[in-house]
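Visitor: Let me begin by handing over the structure; questions about it come next.
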Amino acid sequence: QVQLVESGGGLVQAGGSLRLSCAASGRTFRTYAVGWFRQAPGKEREFVAAISWNGGITYTADYADSVKGRFTISRDNAKNMVYLQMNSLKPEDTAVYHCAAGASGSGGRERRRYDYWGQGTQVTVSS
């Protein structure tokens with residue numbers, strides 16, 4: 001069982017930055033894929049970024065086209081933490097951001113590939 005807790009959301013002006021954190025429990029967390037998804041009011045939850053385990057100590061990051069070049073996902077396995085650095089924020093980035101963990105390690109862009117979800121943290125970008 002893995003528990004996930006997000007933090008770091010808030011209100012920021014367009015062009016600003018935020019760093020979201022996802023704290024995870026679980027001794028084998030380093031082998032899990034972790035993804036960030038977001039859900040705006042009235043919209044489906046959508047993929048933002050993921051970091052997948054390739055075996056050993058290597059990982060692969062993937063990003064939605066809408067955030068590529070602006071967001072960076074990273075992880076610190078010693079602390080059981082995953083981060084989402086968000087730069088050049090736009091009003092359309094406003095949403096509740098959820099982190100998710102997948103035991104298979106391969107992750108991906110589909111919600112069904114993730115077994116555990118956090119409650120989310122609100123990000124609001126004003127114009």
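Order determines the names: the first chain of the structure tokens is A, the second B, and so forth; residues in each chain are numbered 1 upward, and ligands are numbered 1 upward as they are shown.
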Which residues are close to Leu89 of chain A, i.e. within 9 Å by only C-alpha atoms, leaving aside same-chain residues fewer than 5 positions away? Reply as a PyMOL selection string.
Guide: chain A and resi 12-18+70-71+94+125
Visitor: So that I can check the surroundings of Ser25 of chain A, please list as a list in words every protein, DNA and RNA residue that reaches within 12 Å of it, counting only C-alpha atoms and ignoring chain neighbours fewer than 4 positions away.
Guide: Gln1, Val2, Gln3, Leu4, Val5, Phe29, Arg30, Tyr32, Asn77, Ala78, Lys79, Asn80, Met81, Val82, Ala101, Tyr116, Trp117 and Gly118 of chain A
Visitor: Using DSSP on the backbone, list every residue of chain A that comes out as strand (DSSP E or B), and give them as a PyMOL selection string.
Guide: chain A and resi 4-7+10-13+18-24+33-39+46-53+59-63+71-76+81-86+95-102+116-117+121-126
Visitor: Can you measure atom CA of Ser127 of chain A to atom CA of Phe47 of chain A for me? One decimal in Å is fine.
Guide: 23.1 Å
Visitor: Taking only C-alpha atoms into account, which of A:Val123, A:Arg109, A:Asn87, A:Ala23 comes nearest Ala49 of chain A?
Guide: A:Arg109
